[in-house]
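Report on the structure given below.
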Amino acid sequence: MPVVPVCAPEAESRYDIHIGHGLLKNCAALLACCKGKKAAVVADTNTAPLYAETLMGQLREAGAAPVLVTLPAGETTKCEAQLAFLYDSFLDAKLTRADYVLALGGGVVGDITGYAACTYLRGVHFIQMPTTLLSQVDSSVGGKVAINHARGKNLLGAFYQPELVLIDCDTLKTLDARQFGAGLGEVIKYGCIADEALFDKLESLGSRENLAPELDGVIARCCEIKADYVRVDPHDHGIRMQLNFGHTLAHALENTMGYGEILHGEAVCIGMVQAARWGETLGHTPTGTAERIRSILIAYDLPHDMPEHLSPAALAATMSLDKKAEGAVIRTVQLTKIGACKAVPLTADELRALL
Ligand code: GLY
């Protein structure tokens, strides 16, 4: 079973990501830290019926006293009302700072549960059990936790590293093809920004079917790459922004089209092709890179072209509101080749001209 260590020295934390099959029904030993403690398992209406009882059984076997808290499934759950519901549930369960909170679900559950764990009593122990591909390779690792505000996504948040991440690849069997694809977009992103060999491997596998037997290793490799960024830049002040390759346009697409309309990972797919095109136009990226990315997205049955009905002016205006914008300058990420990248600041006018 692959184990990927994450060290975030500035954040004074070190934890392991365990990746394997059947982990959910066989994780009592890994949850030994919960012995003698209360453990609030936060799931959503999708994951609770599938996995909560199994996890609660493992927690009991580990000597913990579990309680289940169930959130509605979906992005709208990342709101102040559901956060208040979590605080109330933790108070009802009389959770103390010695106790544990476990997030059992995708990015939504992980983000809001992590934010609640970070702020409740100024911080309780936190464990991530991500059940979607996107949360396994990205959001459960590195400590970004947040809820949304009416004016934007993830506007209220913190850095709060989990103490343990348990990735049971079997949970992907119940994930629908579209959600799986959204995670694949982020997997391909890791190849683009940091690992040419990973990109080559995904390219030669060439389909979701061929990838299936290799998936555990690919997930582990993505977690290693993310862990490297988190080790160097836990609070996202510098190089960690490279993880945002394709995200400047992706955030604008999500914002303009509506969050239910396009999934984050799908928007990242389109954003990566466009960002590579911008890089080619500006001379940062070798010619042909955008087409190579577009081809791999087609092979994995992922979105790859800009929706035609969107106005470039509206997209450019939304991009200038990006969290990564600094004054008039928007920090984009450009590939210097497949497997390497750099930050390139662009003005809103420059971006508008590129769209
Ligand atoms: N998802 C990007 C990051 O964790 O920095």
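Starting from 1 in every chain, residues are counted up; chains themselves are A, B, ... following the order of the structure tokens, and ligands are numbered from 1 as listed.
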
Can you list every residue in stretch 90-327 of chain A that DSSP puts in helix (DSSP H, G or I), as a PyMOL selection string? chain A and resi 90-92+107-122+133-139+169-174+177-194+196-205+208-232+239-244+247-257+264-282+289-299+312-319

Expected answer as a PyMOL selection string: strand (DSSP E) residues in stretch 197-330 of chain A: chain A and resi 325-326+329-330

Report as a PDB file with all heavy atoms, in the first residue's frame which protein, DNA and RNA residues come within 10 Å of ligand 1, using only C-alpha atoms and all ligand atoms.
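Final output, pocket_8.pdb:
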```
ATOM      1  N   LEU A 134     -11.008  13.740  -7.465  1.00  0.00           N
ATOM      2  CA  LEU A 134     -10.507  15.111  -7.320  1.00  0.00           C
ATOM      3  C   LEU A 134     -10.054  15.387  -5.881  1.00  0.00           C
ATOM      4  O   LEU A 134      -8.995  15.957  -5.642  1.00  0.00           O
ATOM      5  CB  LEU A 134     -11.567  16.119  -7.759  1.00  0.00           C
ATOM      6  CG  LEU A 134     -11.014  17.535  -7.918  1.00  0.00           C
ATOM      7  CD1 LEU A 134     -11.447  18.138  -9.249  1.00  0.00           C
ATOM      8  CD2 LEU A 134     -11.456  18.438  -6.794  1.00  0.00           C
ATOM      9  N   SER A 135     -10.841  14.941  -4.918  1.00  0.00           N
ATOM     10  CA  SER A 135     -10.437  15.194  -3.528  1.00  0.00           C
ATOM     11  C   SER A 135      -9.252  14.319  -3.133  1.00  0.00           C
ATOM     12  O   SER A 135      -8.426  14.724  -2.310  1.00  0.00           O
ATOM     13  CB  SER A 135     -11.615  14.996  -2.567  1.00  0.00           C
ATOM     14  OG  SER A 135     -12.117  13.689  -2.628  1.00  0.00           O
ATOM     15  N   VAL A 137      -6.677  13.439  -5.108  1.00  0.00           N
ATOM     16  CA  VAL A 137      -5.406  13.926  -5.668  1.00  0.00           C
ATOM     17  C   VAL A 137      -5.158  15.397  -5.363  1.00  0.00           C
ATOM     18  O   VAL A 137      -4.070  15.898  -5.611  1.00  0.00           O
ATOM     19  CB  VAL A 137      -5.317  13.706  -7.203  1.00  0.00           C
ATOM     20  CG1 VAL A 137      -5.358  12.232  -7.546  1.00  0.00           C
ATOM     21  CG2 VAL A 137      -6.387  14.484  -7.965  1.00  0.00           C
ATOM     22  N   ASP A 138      -6.166  16.106  -4.863  1.00  0.00           N
ATOM     23  CA  ASP A 138      -5.964  17.543  -4.674  1.00  0.00           C
ATOM     24  C   ASP A 138      -6.472  18.050  -3.330  1.00  0.00           C
ATOM     25  O   ASP A 138      -5.693  18.306  -2.412  1.00  0.00           O
ATOM     26  CB  ASP A 138      -6.620  18.312  -5.838  1.00  0.00           C
ATOM     27  CG  ASP A 138      -6.396  19.809  -5.748  1.00  0.00           C
ATOM     28  OD1 ASP A 138      -5.435  20.227  -5.069  1.00  0.00           O
ATOM     29  OD2 ASP A 138      -7.163  20.575  -6.351  1.00  0.00           O
ATOM     30  N   SER A 139      -7.800  18.169  -3.178  1.00  0.00           N
ATOM     31  CA  SER A 139      -8.294  18.996  -2.071  1.00  0.00           C
ATOM     32  C   SER A 139      -8.070  18.417  -0.677  1.00  0.00           C
ATOM     33  O   SER A 139      -8.026  19.168   0.301  1.00  0.00           O
ATOM     34  CB  SER A 139      -9.777  19.329  -2.277  1.00  0.00           C
ATOM     35  OG  SER A 139     -10.548  18.164  -2.348  1.00  0.00           O
ATOM     36  N   SER A 140      -7.881  17.090  -0.556  1.00  0.00           N
ATOM     37  CA  SER A 140      -7.695  16.540   0.800  1.00  0.00           C
ATOM     38  C   SER A 140      -6.265  16.710   1.289  1.00  0.00           C
ATOM     39  O   SER A 140      -5.963  16.477   2.449  1.00  0.00           O
ATOM     40  CB  SER A 140      -8.063  15.051   0.817  1.00  0.00           C
ATOM     41  OG  SER A 140      -7.130  14.316   0.057  1.00  0.00           O
ATOM     42  N   VAL A 141      -5.362  17.088   0.373  1.00  0.00           N
ATOM     43  CA  VAL A 141      -3.935  17.185   0.699  1.00  0.00           C
ATOM     44  C   VAL A 141      -3.517  18.648   0.704  1.00  0.00           C
ATOM     45  O   VAL A 141      -3.809  19.375  -0.251  1.00  0.00           O
ATOM     46  CB  VAL A 141      -3.098  16.409  -0.359  1.00  0.00           C
ATOM     47  CG1 VAL A 141      -1.613  16.524  -0.062  1.00  0.00           C
ATOM     48  CG2 VAL A 141      -3.534  14.960  -0.418  1.00  0.00           C
ATOM     49  N   GLY A 142      -2.878  19.089   1.755  1.00  0.00           N
ATOM     50  CA  GLY A 142      -2.295  20.435   1.729  1.00  0.00           C
ATOM     51  C   GLY A 142      -2.994  21.454   2.585  1.00  0.00           C
ATOM     52  O   GLY A 142      -2.526  22.586   2.704  1.00  0.00           O
ATOM     53  N   GLY A 143      -4.123  21.103   3.206  1.00  0.00           N
ATOM     54  CA  GLY A 143      -4.658  21.936   4.274  1.00  0.00           C
ATOM     55  C   GLY A 143      -5.519  23.109   3.875  1.00  0.00           C
ATOM     56  O   GLY A 143      -5.882  23.909   4.729  1.00  0.00           O
ATOM     57  N   LYS A 144      -5.869  23.238   2.593  1.00  0.00           N
ATOM     58  CA  LYS A 144      -6.781  24.341   2.257  1.00  0.00           C
ATOM     59  C   LYS A 144      -8.202  23.936   2.641  1.00  0.00           C
ATOM     60  O   LYS A 144      -8.714  22.926   2.148  1.00  0.00           O
ATOM     61  CB  LYS A 144      -6.727  24.664   0.761  1.00  0.00           C
ATOM     62  CG  LYS A 144      -5.509  25.480   0.380  1.00  0.00           C
ATOM     63  CD  LYS A 144      -5.597  25.968  -1.051  1.00  0.00           C
ATOM     64  CE  LYS A 144      -4.397  26.829  -1.400  1.00  0.00           C
ATOM     65  NZ  LYS A 144      -4.373  27.210  -2.821  1.00  0.00           N
ATOM     66  N   VAL A 145      -8.818  24.709   3.536  1.00  0.00           N
ATOM     67  CA  VAL A 145     -10.203  24.436   3.957  1.00  0.00           C
ATOM     68  C   VAL A 145     -10.993  25.722   3.811  1.00  0.00           C
ATOM     69  O   VAL A 145     -10.443  26.813   3.966  1.00  0.00           O
ATOM     70  CB  VAL A 145     -10.247  23.897   5.412  1.00  0.00           C
ATOM     71  CG1 VAL A 145      -9.569  22.548   5.509  1.00  0.00           C
ATOM     72  CG2 VAL A 145      -9.609  24.878   6.400  1.00  0.00           C
ATOM     73  N   PHE A 159      -5.746  27.688   6.386  1.00  0.00           N
ATOM     74  CA  PHE A 159      -4.874  26.537   6.149  1.00  0.00           C
ATOM     75  C   PHE A 159      -4.912  25.694   7.408  1.00  0.00           C
ATOM     76  O   PHE A 159      -4.598  26.184   8.500  1.00  0.00           O
ATOM     77  CB  PHE A 159      -3.434  26.988   5.877  1.00  0.00           C
ATOM     78  CG  PHE A 159      -3.282  27.633   4.533  1.00  0.00           C
ATOM     79  CD1 PHE A 159      -3.360  29.007   4.391  1.00  0.00           C
ATOM     80  CD2 PHE A 159      -3.078  26.860   3.401  1.00  0.00           C
ATOM     81  CE1 PHE A 159      -3.236  29.598   3.153  1.00  0.00           C
ATOM     82  CE2 PHE A 159      -2.958  27.449   2.152  1.00  0.00           C
ATOM     83  CZ  PHE A 159      -3.038  28.811   2.031  1.00  0.00           C
ATOM     84  N   GLU A 186      -7.484  17.132 -13.089  1.00  0.00           N
ATOM     85  CA  GLU A 186      -6.424  17.537 -12.156  1.00  0.00           C
ATOM     86  C   GLU A 186      -5.219  16.583 -12.256  1.00  0.00           C
ATOM     87  O   GLU A 186      -4.073  17.005 -12.107  1.00  0.00           O
ATOM     88  CB  GLU A 186      -6.949  17.578 -10.716  1.00  0.00           C
ATOM     89  CG  GLU A 186      -8.012  18.643 -10.463  1.00  0.00           C
ATOM     90  CD  GLU A 186      -7.444  20.064 -10.266  1.00  0.00           C
ATOM     91  OE1 GLU A 186      -6.217  20.248 -10.254  1.00  0.00           O
ATOM     92  OE2 GLU A 186      -8.270  21.001 -10.133  1.00  0.00           O
ATOM     93  N   LYS A 226       1.886  16.922  -5.136  1.00  0.00           N
ATOM     94  CA  LYS A 226       1.240  17.946  -4.311  1.00  0.00           C
ATOM     95  C   LYS A 226       1.998  18.117  -2.994  1.00  0.00           C
ATOM     96  O   LYS A 226       2.210  19.240  -2.527  1.00  0.00           O
ATOM     97  CB  LYS A 226      -0.225  17.572  -4.056  1.00  0.00           C
ATOM     98  CG  LYS A 226      -0.916  18.552  -3.135  1.00  0.00           C
ATOM     99  CD  LYS A 226      -2.097  19.225  -3.707  1.00  0.00           C
ATOM    100  CE  LYS A 226      -2.544  20.382  -2.834  1.00  0.00           C
ATOM    101  NZ  LYS A 226      -3.943  20.695  -2.930  1.00  0.00           N
ATOM    102  N   ALA A 227       2.420  16.991  -2.392  1.00  0.00           N
ATOM    103  CA  ALA A 227       3.157  17.062  -1.120  1.00  0.00           C
ATOM    104  C   ALA A 227       4.444  17.875  -1.289  1.00  0.00           C
ATOM    105  O   ALA A 227       4.834  18.620  -0.383  1.00  0.00           O
ATOM    106  CB  ALA A 227       3.462  15.658  -0.619  1.00  0.00           C
ATOM    107  N   TYR A 229       4.945  20.425  -3.289  1.00  0.00           N
ATOM    108  CA  TYR A 229       4.574  21.850  -3.280  1.00  0.00           C
ATOM    109  C   TYR A 229       4.247  22.321  -1.860  1.00  0.00           C
ATOM    110  O   TYR A 229       4.657  23.398  -1.432  1.00  0.00           O
ATOM    111  CB  TYR A 229       3.360  22.102  -4.193  1.00  0.00           C
ATOM    112  CG  TYR A 229       3.709  22.183  -5.660  1.00  0.00           C
ATOM    113  CD1 TYR A 229       3.416  21.140  -6.524  1.00  0.00           C
ATOM    114  CD2 TYR A 229       4.328  23.319  -6.191  1.00  0.00           C
ATOM    115  CE1 TYR A 229       3.731  21.214  -7.878  1.00  0.00           C
ATOM    116  CE2 TYR A 229       4.635  23.401  -7.541  1.00  0.00           C
ATOM    117  CZ  TYR A 229       4.334  22.342  -8.381  1.00  0.00           C
ATOM    118  OH  TYR A 229       4.650  22.427  -9.715  1.00  0.00           O
ATOM    119  N   VAL A 230       3.493  21.484  -1.132  1.00  0.00           N
ATOM    120  CA  VAL A 230       3.041  21.876   0.216  1.00  0.00           C
ATOM    121  C   VAL A 230       4.246  21.992   1.168  1.00  0.00           C
ATOM    122  O   VAL A 230       4.308  22.881   2.012  1.00  0.00           O
ATOM    123  CB  VAL A 230       1.999  20.865   0.738  1.00  0.00           C
ATOM    124  CG1 VAL A 230       1.650  21.121   2.196  1.00  0.00           C
ATOM    125  CG2 VAL A 230       0.740  20.926  -0.123  1.00  0.00           C
ATOM    126  N   ASP A 233       5.926  25.320   0.228  1.00  0.00           N
ATOM    127  CA  ASP A 233       5.107  26.545   0.280  1.00  0.00           C
ATOM    128  C   ASP A 233       3.731  26.237   0.899  1.00  0.00           C
ATOM    129  O   ASP A 233       2.709  26.336   0.223  1.00  0.00           O
ATOM    130  CB  ASP A 233       4.952  27.077  -1.159  1.00  0.00           C
ATOM    131  CG  ASP A 233       4.195  28.394  -1.224  1.00  0.00           C
ATOM    132  OD1 ASP A 233       4.054  29.072  -0.182  1.00  0.00           O
ATOM    133  OD2 ASP A 233       3.726  28.741  -2.327  1.00  0.00           O
ATOM    134  N   PRO A 234       3.712  25.878   2.205  1.00  0.00           N
ATOM    135  CA  PRO A 234       2.436  25.428   2.788  1.00  0.00           C
ATOM    136  C   PRO A 234       1.332  26.479   2.752  1.00  0.00           C
ATOM    137  O   PRO A 234       0.158  26.141   2.682  1.00  0.00           O
ATOM    138  CB  PRO A 234       2.812  25.064   4.234  1.00  0.00           C
ATOM    139  CG  PRO A 234       4.118  25.696   4.490  1.00  0.00           C
ATOM    140  CD  PRO A 234       4.816  25.817   3.182  1.00  0.00           C
ATOM    141  N   HIS A 235       1.728  27.757   2.800  1.00  0.00           N
ATOM    142  CA  HIS A 235       0.698  28.799   2.879  1.00  0.00           C
ATOM    143  C   HIS A 235       0.453  29.515   1.559  1.00  0.00           C
ATOM    144  O   HIS A 235      -0.110  30.607   1.534  1.00  0.00           O
ATOM    145  CB  HIS A 235       1.041  29.793   4.003  1.00  0.00           C
ATOM    146  CG  HIS A 235       0.963  29.166   5.359  1.00  0.00           C
ATOM    147  ND1 HIS A 235       1.964  29.235   6.280  1.00  0.00           N
ATOM    148  CD2 HIS A 235      -0.012  28.402   5.915  1.00  0.00           C
ATOM    149  CE1 HIS A 235       1.602  28.558   7.361  1.00  0.00           C
ATOM    150  NE2 HIS A 235       0.414  28.039   7.154  1.00  0.00           N
ATOM    151  N   ASP A 236       0.912  28.919   0.475  1.00  0.00           N
ATOM    152  CA  ASP A 236       0.568  29.423  -0.862  1.00  0.00           C
ATOM    153  C   ASP A 236       1.035  30.861  -1.087  1.00  0.00           C
ATOM    154  O   ASP A 236       0.283  31.700  -1.582  1.00  0.00           O
ATOM    155  CB  ASP A 236      -0.971  29.312  -1.046  1.00  0.00           C
ATOM    156  CG  ASP A 236      -1.382  29.299  -2.506  1.00  0.00           C
ATOM    157  OD1 ASP A 236      -0.510  29.205  -3.382  1.00  0.00           O
ATOM    158  OD2 ASP A 236      -2.596  29.386  -2.777  1.00  0.00           O
ATOM    159  N   HIS A 237       2.309  31.104  -0.710  1.00  0.00           N
ATOM    160  CA  HIS A 237       2.856  32.439  -0.946  1.00  0.00           C
ATOM    161  C   HIS A 237       3.699  32.498  -2.216  1.00  0.00           C
ATOM    162  O   HIS A 237       4.150  33.561  -2.615  1.00  0.00           O
ATOM    163  CB  HIS A 237       3.744  32.880   0.232  1.00  0.00           C
ATOM    164  CG  HIS A 237       2.979  33.098   1.496  1.00  0.00           C
ATOM    165  ND1 HIS A 237       1.834  33.862   1.542  1.00  0.00           N
ATOM    166  CD2 HIS A 237       3.181  32.643   2.763  1.00  0.00           C
ATOM    167  CE1 HIS A 237       1.371  33.869   2.784  1.00  0.00           C
ATOM    168  NE2 HIS A 237       2.152  33.136   3.524  1.00  0.00           N
ATOM    169  N   ILE A 239       5.542  29.230  -4.888  1.00  0.00           N
ATOM    170  CA  ILE A 239       5.555  28.205  -5.946  1.00  0.00           C
ATOM    171  C   ILE A 239       4.266  27.366  -5.968  1.00  0.00           C
ATOM    172  O   ILE A 239       3.886  26.821  -7.013  1.00  0.00           O
ATOM    173  CB  ILE A 239       6.815  27.313  -5.801  1.00  0.00           C
ATOM    174  CG1 ILE A 239       7.049  26.530  -7.090  1.00  0.00           C
ATOM    175  CG2 ILE A 239       6.743  26.410  -4.590  1.00  0.00           C
ATOM    176  CD1 ILE A 239       8.410  25.891  -7.186  1.00  0.00           C
ATOM    177  N   ARG A 240       3.569  27.276  -4.819  1.00  0.00           N
ATOM    178  CA  ARG A 240       2.329  26.459  -4.790  1.00  0.00           C
ATOM    179  C   ARG A 240       1.318  26.955  -5.814  1.00  0.00           C
ATOM    180  O   ARG A 240       0.439  26.202  -6.237  1.00  0.00           O
ATOM    181  CB  ARG A 240       1.756  26.474  -3.364  1.00  0.00           C
ATOM    182  CG  ARG A 240       0.544  25.581  -3.197  1.00  0.00           C
ATOM    183  CD  ARG A 240       0.178  25.393  -1.746  1.00  0.00           C
ATOM    184  NE  ARG A 240      -1.085  24.689  -1.603  1.00  0.00           N
ATOM    185  CZ  ARG A 240      -1.569  24.228  -0.456  1.00  0.00           C
ATOM    186  NH1 ARG A 240      -0.877  24.390   0.660  1.00  0.00           N
ATOM    187  NH2 ARG A 240      -2.732  23.598  -0.404  1.00  0.00           N
ATOM    188  N   MET A 241       1.459  28.226  -6.200  1.00  0.00           N
ATOM    189  CA  MET A 241       0.480  28.744  -7.178  1.00  0.00           C
ATOM    190  C   MET A 241       0.571  28.014  -8.525  1.00  0.00           C
ATOM    191  O   MET A 241      -0.343  28.048  -9.330  1.00  0.00           O
ATOM    192  CB  MET A 241       0.584  30.262  -7.341  1.00  0.00           C
ATOM    193  CG  MET A 241       1.768  30.813  -8.042  1.00  0.00           C
ATOM    194  SD  MET A 241       1.463  31.221  -9.773  1.00  0.00           S
ATOM    195  CE  MET A 241       0.013  32.180  -9.727  1.00  0.00           C
ATOM    196  N   GLN A 242       1.702  27.285  -8.749  1.00  0.00           N
ATOM    197  CA  GLN A 242       1.797  26.510  -9.994  1.00  0.00           C
ATOM    198  C   GLN A 242       0.671  25.471 -10.100  1.00  0.00           C
ATOM    199  O   GLN A 242       0.299  25.047 -11.191  1.00  0.00           O
ATOM    200  CB  GLN A 242       3.161  25.811 -10.083  1.00  0.00           C
ATOM    201  CG  GLN A 242       4.310  26.793 -10.287  1.00  0.00           C
ATOM    202  CD  GLN A 242       5.646  26.108 -10.487  1.00  0.00           C
ATOM    203  OE1 GLN A 242       5.764  24.888 -10.364  1.00  0.00           O
ATOM    204  NE2 GLN A 242       6.669  26.897 -10.785  1.00  0.00           N
ATOM    205  N   LEU A 243       0.143  25.051  -8.944  1.00  0.00           N
ATOM    206  CA  LEU A 243      -0.982  24.100  -8.950  1.00  0.00           C
ATOM    207  C   LEU A 243      -2.212  24.708  -9.610  1.00  0.00           C
ATOM    208  O   LEU A 243      -3.168  24.007  -9.911  1.00  0.00           O
ATOM    209  CB  LEU A 243      -1.329  23.680  -7.514  1.00  0.00           C
ATOM    210  CG  LEU A 243      -0.286  22.835  -6.793  1.00  0.00           C
ATOM    211  CD1 LEU A 243      -0.585  22.757  -5.300  1.00  0.00           C
ATOM    212  CD2 LEU A 243      -0.249  21.424  -7.381  1.00  0.00           C
ATOM    213  N   ASN A 244      -2.163  26.010  -9.816  1.00  0.00           N
ATOM    214  CA  ASN A 244      -3.309  26.695 -10.418  1.00  0.00           C
ATOM    215  C   ASN A 244      -3.214  26.788 -11.932  1.00  0.00           C
ATOM    216  O   ASN A 244      -3.932  27.594 -12.534  1.00  0.00           O
ATOM    217  CB  ASN A 244      -3.452  28.097  -9.820  1.00  0.00           C
ATOM    218  CG  ASN A 244      -4.254  28.049  -8.541  1.00  0.00           C
ATOM    219  OD1 ASN A 244      -4.838  27.022  -8.222  1.00  0.00           O
ATOM    220  ND2 ASN A 244      -4.267  29.135  -7.826  1.00  0.00           N
ATOM    221  N   PHE A 245      -2.350  25.989 -12.547  1.00  0.00           N
ATOM    222  CA  PHE A 245      -2.293  25.972 -14.013  1.00  0.00           C
ATOM    223  C   PHE A 245      -3.703  25.673 -14.564  1.00  0.00           C
ATOM    224  O   PHE A 245      -4.357  24.721 -14.134  1.00  0.00           O
ATOM    225  CB  PHE A 245      -1.299  24.911 -14.493  1.00  0.00           C
ATOM    226  CG  PHE A 245      -1.312  24.713 -15.983  1.00  0.00           C
ATOM    227  CD1 PHE A 245      -1.028  25.767 -16.844  1.00  0.00           C
ATOM    228  CD2 PHE A 245      -1.610  23.469 -16.537  1.00  0.00           C
ATOM    229  CE1 PHE A 245      -1.049  25.596 -18.221  1.00  0.00           C
ATOM    230  CE2 PHE A 245      -1.626  23.281 -17.911  1.00  0.00           C
ATOM    231  CZ  PHE A 245      -1.354  24.350 -18.751  1.00  0.00           C
ATOM    232  N   HIS A 247      -6.277  27.348 -13.985  1.00  0.00           N
ATOM    233  CA  HIS A 247      -7.349  27.728 -13.050  1.00  0.00           C
ATOM    234  C   HIS A 247      -7.840  29.162 -13.235  1.00  0.00           C
ATOM    235  O   HIS A 247      -8.949  29.476 -12.809  1.00  0.00           O
ATOM    236  CB  HIS A 247      -6.887  27.536 -11.602  1.00  0.00           C
ATOM    237  CG  HIS A 247      -6.898  26.100 -11.158  1.00  0.00           C
ATOM    238  ND1 HIS A 247      -6.254  25.102 -11.854  1.00  0.00           N
ATOM    239  CD2 HIS A 247      -7.483  25.477 -10.100  1.00  0.00           C
ATOM    240  CE1 HIS A 247      -6.428  23.946 -11.234  1.00  0.00           C
ATOM    241  NE2 HIS A 247      -7.170  24.138 -10.170  1.00  0.00           N
TER     242      HIS A 247
END
```

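Excluding A:Cys79 and any residue on its chain fewer than 3 positions from it, the residues at most 9 Å away by only C-alpha atoms are Glu75, Thr76, Gln82, Leu83, Ala84, Ile112, Ile147, Asn148, His149 and Ala150 of chain A.
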
If I take atom CA of A:Pro162 and atom CA of A:His125, how far is one from the other in Å, to one decimal? 7.5 Å

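Comparing A:Asp111, A:Glu308, A:Glu209, A:Glu203 by their smallest distance to A:Val42, the closest is A:Asp111 (using only C-alpha atoms).
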
Set the distance at 6 Å and use only C-alpha atoms: which residues neighbour A:Ala340 once local chain neighbours fewer than 4 positions away are removed? I'd like the list as a CSV table (one decimal) with C-alpha atoms, in the first residue's frame.
```
chain,number,residue,atom,x,y,z
A,193,ILE,CA,3.2,21.2,-14.5
A,194,ALA,CA,5.6,18.9,-12.8
A,335,LEU,CA,4.2,25.8,-19.2
A,336,THR,CA,7.8,26.1,-20.3
```

Grab the atom CA of A:Ala220 to atom CA of A:Gly206 distance for me, in Å with one decimal place.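 Between atom CA of A:Ala220 and atom CA of A:Gly206 the gap is 19.1 Å.
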
Find the spatial neighbours of stretch 27-41 of chain A, counting only C-alpha atoms, within a cut-off of 9 Å - ignore same-chain residues fewer than 5 positions away - and output them as a ChimeraX atom specification. /A:22,52,55-70,89-90,93-96,98-104,164,166

Hey, what's within 12 Å of A:Asp301 if we count only C-alpha atoms and toss same-chain stuff fewer than 3 positions away? As number ranges by chain, please? A: 177-178, 180-182, 184-185, 206-209, 266, 269, 294-298, 304

Writing out the chosen residues with C-alpha atoms as a short mmCIF file (atom, residue, chain, number, x, y, z; two decimals), in the first residue's frame:
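Here's the written file selection_18.cif:
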```
data_model
loop_
_atom_site.label_atom_id
_atom_site.label_comp_id
_atom_site.auth_asym_id
_atom_site.auth_seq_id
_atom_site.Cartn_x
_atom_site.Cartn_y
_atom_site.Cartn_z
CA ALA A 177 -18.17 9.01 -14.84
CA ARG A 178 -18.50 12.79 -14.97
CA PHE A 180 -14.35 10.85 -12.16
CA GLY A 181 -13.48 12.84 -15.28
CA ALA A 182 -13.33 16.05 -13.28
CA LEU A 184 -8.80 13.20 -14.17
CA GLY A 185 -8.45 16.81 -15.30
CA GLY A 206 -4.77 6.73 -23.66
CA SER A 207 -8.16 5.80 -22.14
CA ARG A 208 -9.97 5.53 -18.83
CA GLU A 209 -10.18 1.77 -19.34
CA GLU A 266 -13.96 20.12 -16.25
CA CYS A 269 -9.44 20.95 -18.59
CA ARG A 294 -6.19 18.90 -26.12
CA SER A 295 -5.52 15.42 -27.59
CA ILE A 296 -5.04 13.78 -24.20
CA LEU A 297 -8.27 15.39 -22.97
CA ILE A 298 -10.10 14.00 -26.00
CA HIS A 304 -11.36 20.57 -24.17
#
```
